[in-house]
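Novice: You'll find start07.cif just under this line, and it carries mmCIF, C-alpha atoms.
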data_structure
#
loop_
_atom_site.group_PDB
_atom_site.id
_atom_site.type_symbol
_atom_site.label_atom_id
_atom_site.label_comp_id
_atom_site.auth_asym_id
_atom_site.auth_seq_id
_atom_site.Cartn_x
_atom_site.Cartn_y
_atom_site.Cartn_z
ATOM 1 C CA MET A 298 0.000 0.000 0.000
ATOM 2 C CA SER A 299 1.482 3.325 -1.020
ATOM 3 C CA SER A 300 0.768 6.458 0.915
ATOM 4 C CA SER A 301 1.580 10.117 0.720
ATOM 5 C CA GLN A 302 1.250 13.002 3.095
ATOM 6 C CA LEU A 303 -2.350 14.088 3.505
ATOM 7 C CA ASP A 304 -3.192 17.087 1.305
ATOM 8 C CA VAL A 305 -6.671 18.545 0.868
ATOM 9 C CA LYS A 306 -5.989 18.950 -2.866
ATOM 10 C CA THR A 307 -5.633 15.201 -3.346
ATOM 11 C CA MET A 308 -8.067 13.899 -0.726
ATOM 12 C CA ASN A 309 -10.537 11.457 -2.261
ATOM 13 C CA ASN A 310 -8.838 11.908 -5.644
ATOM 14 C CA GLY A 311 -9.664 15.623 -5.669
ATOM 15 C CA GLY A 312 -13.265 15.088 -4.609
ATOM 16 C CA VAL A 313 -12.980 17.356 -1.566
ATOM 17 C CA VAL A 314 -11.709 20.299 -3.615
ATOM 18 C CA GLU A 315 -14.386 19.618 -6.227
ATOM 19 C CA ALA A 316 -17.070 19.765 -3.510
ATOM 20 C CA VAL A 317 -15.665 23.100 -2.266
ATOM 21 C CA ASN A 318 -15.675 24.486 -5.822
ATOM 22 C CA ILE A 319 -19.300 23.415 -6.320
ATOM 23 C CA ALA A 320 -20.210 25.171 -3.056
ATOM 24 C CA LEU A 321 -18.383 28.327 -4.172
ATOM 25 C CA ALA A 322 -20.387 28.305 -7.420
ATOM 26 C CA LYS A 323 -23.610 28.069 -5.367
ATOM 27 C CA VAL A 324 -22.496 31.083 -3.325
ATOM 28 C CA ALA A 325 -21.767 33.041 -6.510
ATOM 29 C CA ASP A 326 -25.208 32.169 -7.923
ATOM 30 C CA ASN A 327 -26.871 33.177 -4.655
ATOM 31 C CA ILE A 328 -25.052 36.525 -4.546
ATOM 32 C CA ALA A 329 -25.942 37.196 -8.201
ATOM 33 C CA ASP A 330 -29.641 36.421 -7.580
ATOM 34 C CA VAL A 331 -31.376 39.813 -7.432
ATOM 35 C CA ASN A 332 -34.122 38.259 -5.298
ATOM 36 C CA THR A 333 -31.740 37.716 -2.350
ATOM 37 C CA PRO A 334 -30.509 40.409 0.048
ATOM 38 C CA PRO A 335 -27.232 41.798 -1.349
ATOM 39 C CA ASP A 336 -25.583 42.680 1.961
ATOM 40 C CA LYS A 337 -26.135 39.471 3.959
ATOM 41 C CA PRO A 338 -23.261 37.011 4.425
ATOM 42 C CA ARG A 339 -23.011 33.602 2.803
ATOM 43 C CA THR A 340 -20.698 30.865 4.061
ATOM 44 C CA VAL A 341 -18.954 27.731 2.830
ATOM 45 C CA THR A 342 -17.794 25.311 5.498
ATOM 46 C CA LEU A 343 -15.443 22.363 4.990
ATOM 47 C CA LYS A 344 -15.573 19.976 7.933
ATOM 48 C CA ILE A 345 -13.127 17.071 8.020
ATOM 49 C CA THR A 346 -13.635 14.533 10.793
ATOM 50 C CA PHE A 347 -10.931 12.051 11.804
ATOM 51 C CA LYS A 348 -11.763 9.005 13.947
ATOM 52 C CA PRO A 349 -8.743 6.838 14.810
ATOM 53 C CA ASP A 350 -9.031 3.233 15.883
ATOM 54 C CA GLU A 351 -7.614 2.025 19.214
ATOM 55 C CA SER A 352 -4.170 1.459 17.736
ATOM 56 C CA ARG A 353 -4.190 5.017 16.391
ATOM 57 C CA THR A 354 -2.847 3.816 13.057
ATOM 58 C CA LEU A 355 -6.012 3.462 10.992
ATOM 59 C CA ILE A 356 -8.130 6.609 10.866
ATOM 60 C CA ALA A 357 -11.600 6.809 9.368
ATOM 61 C CA SER A 358 -12.128 10.248 7.905
ATOM 62 C CA LYS A 359 -15.074 12.065 6.383
ATOM 63 C CA ALA A 360 -15.242 15.402 4.601
ATOM 64 C CA VAL A 361 -18.469 17.392 4.350
ATOM 65 C CA VAL A 362 -18.924 20.709 2.558
ATOM 66 C CA THR A 363 -21.947 22.794 3.521
ATOM 67 C CA THR A 364 -23.234 26.163 2.390
ATOM 68 C CA ASN A 365 -25.311 28.739 4.172
ATOM 69 C CA LEU A 366 -27.038 30.808 1.501
ATOM 70 C CA GLN A 367 -29.550 33.627 1.687
ATOM 71 C CA PRO A 368 -33.189 32.818 0.892
ATOM 72 C CA GLN A 369 -35.073 34.710 -1.757
ATOM 73 C CA GLU A 370 -36.873 37.736 -0.408
ATOM 74 C CA PRO A 371 -40.672 37.546 -0.491
ATOM 75 C CA GLN A 372 -42.359 39.180 -3.448
ATOM 76 C CA THR A 373 -45.474 41.270 -2.857
ATOM 77 C CA ILE A 374 -48.176 40.618 -5.424
ATOM 78 C CA PRO A 375 -51.448 42.543 -5.193
ATOM 79 C CA VAL A 376 -54.303 40.110 -5.790
ATOM 80 C CA VAL A 377 -58.029 40.814 -5.881
ATOM 81 C CA LEU A 378 -60.964 38.436 -5.567
ATOM 82 C CA ASP A 379 -63.665 38.936 -8.163
ATOM 83 C CA LYS A 380 -66.175 36.842 -10.035
ATOM 84 C CA LEU A 381 -66.171 35.744 -13.646
ATOM 85 C CA ASP A 382 -69.399 34.210 -14.928
ATOM 86 C CA GLY A 383 -70.484 33.834 -11.292
ATOM 87 C CA ALA A 384 -67.381 31.841 -10.299
ATOM 88 C CA PRO A 385 -64.962 33.359 -7.759
ATOM 89 C CA MET A 386 -61.540 33.987 -9.311
ATOM 90 C CA LEU A 387 -58.269 35.542 -8.218
ATOM 91 C CA PHE A 388 -56.773 38.237 -10.410
ATOM 92 C CA GLU A 389 -53.486 40.083 -10.225
ATOM 93 C CA SER A 390 -54.225 43.721 -9.527
ATOM 94 C CA PHE A 391 -52.563 46.336 -11.704
ATOM 95 C CA THR A 392 -51.958 49.517 -9.755
ATOM 96 C CA ASP A 393 -50.812 51.591 -12.715
ATOM 97 C CA ASN A 394 -51.809 51.850 -16.333
ATOM 98 C CA ARG A 395 -48.654 50.897 -18.199
ATOM 99 C CA PRO A 396 -48.961 50.445 -21.965
ATOM 100 C CA ASP A 397 -46.359 47.635 -21.963
ATOM 101 C CA GLN A 398 -48.470 45.426 -19.674
ATOM 102 C CA TYR A 399 -51.103 43.193 -21.165
ATOM 103 C CA ARG A 400 -54.143 42.041 -19.237
ATOM 104 C CA LEU A 401 -54.974 38.391 -19.762
ATOM 105 C CA THR A 402 -58.563 37.240 -19.676
ATOM 106 C CA ALA A 403 -59.024 34.536 -17.072
ATOM 107 C CA ARG A 404 -61.482 31.735 -17.711
ATOM 108 C CA PRO A 405 -62.748 29.287 -15.105
ATOM 109 C CA LEU A 406 -61.405 25.773 -15.565
ATOM 110 C CA ARG A 407 -63.632 22.813 -16.293
ATOM 111 C CA ASN A 408 -63.326 19.701 -14.174
ATOM 112 C CA SER A 409 -61.027 18.157 -16.804
ATOM 113 C CA GLY A 410 -58.535 21.012 -16.337
ATOM 114 C CA GLU A 411 -59.151 22.561 -19.749
ATOM 115 C CA ALA A 412 -60.142 26.218 -20.181
ATOM 116 C CA ALA A 413 -63.799 26.798 -20.926
ATOM 117 C CA ALA A 414 -64.520 27.999 -24.440
#
Can the structure in the file be given as structure tokens, please?

Specialist:
Amino acid sequence: MSSSQLDVKTMNNGGVVEAVNIALAKVADNIADVNTPPDKPRTVTLKITFKPDESRTLIASKAVVTTNLQPQEPQTIPVVLDKLDGAPMLFESFTDNRPDQYRLTARPLRNSGEAAA
């Protein structure tokens, strides 16, 4: 059995470093997401646990990479309850009259899930 000095770069044939790089990419995506708070911290944690046997020569080890990301901020959507053909329906409320917004006509769904004609 050949052995070399323990190095995080070569642990598990590079799998530990790969896991850290994947976590760093998740952090970058989370920071770039405009729906998350820009000024809150994100973390990447690499935890390596070593558990030696009684002879202290064989050591079981595990590496775990975890991230602590920021959740998306809630989005406020004004909704109104109205009726269409006597059926209660929810509609998104438009608070301004913008020419680039189109209003879709909602139709109640039939039991089969298809829109009524």

Novice: Quick one: residues within 6 Å of stretch 364-372 of chain A, all atoms listed in the file, excluding same-chain residues fewer than 5 positions away - as a list in words?

Specialist: Asn332, Thr333, Arg339, Thr340 and Val341 of chain A

Novice: Between atom CA of A:Val314 and atom CA of A:Pro334, what is the distance, to one decimal in Å?

Specialist: 27.8 Å

Novice: Quick check, in Å to one decimal: how far apart do atom CA of A:Pro349 and atom CA of A:Thr307 lie?

Specialist: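 Computing it gives 20.2 Å between the two atoms.
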
Novice: If you measure from atom CA of A:Ile345 to atom CA of A:Ser300, what distance in Å do you get, rounded to one decimal?

Specialist: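 The value is 18.9 Å.
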
Novice: List the residues matched by the PyMOL selection byres ((chain A and resi 320) around 9) in the displayed structure as an MDAnalysis selection string, ordered by chain and then by residue number.

Specialist: chainID A and resid 315:319 321:325 341:342 362:364
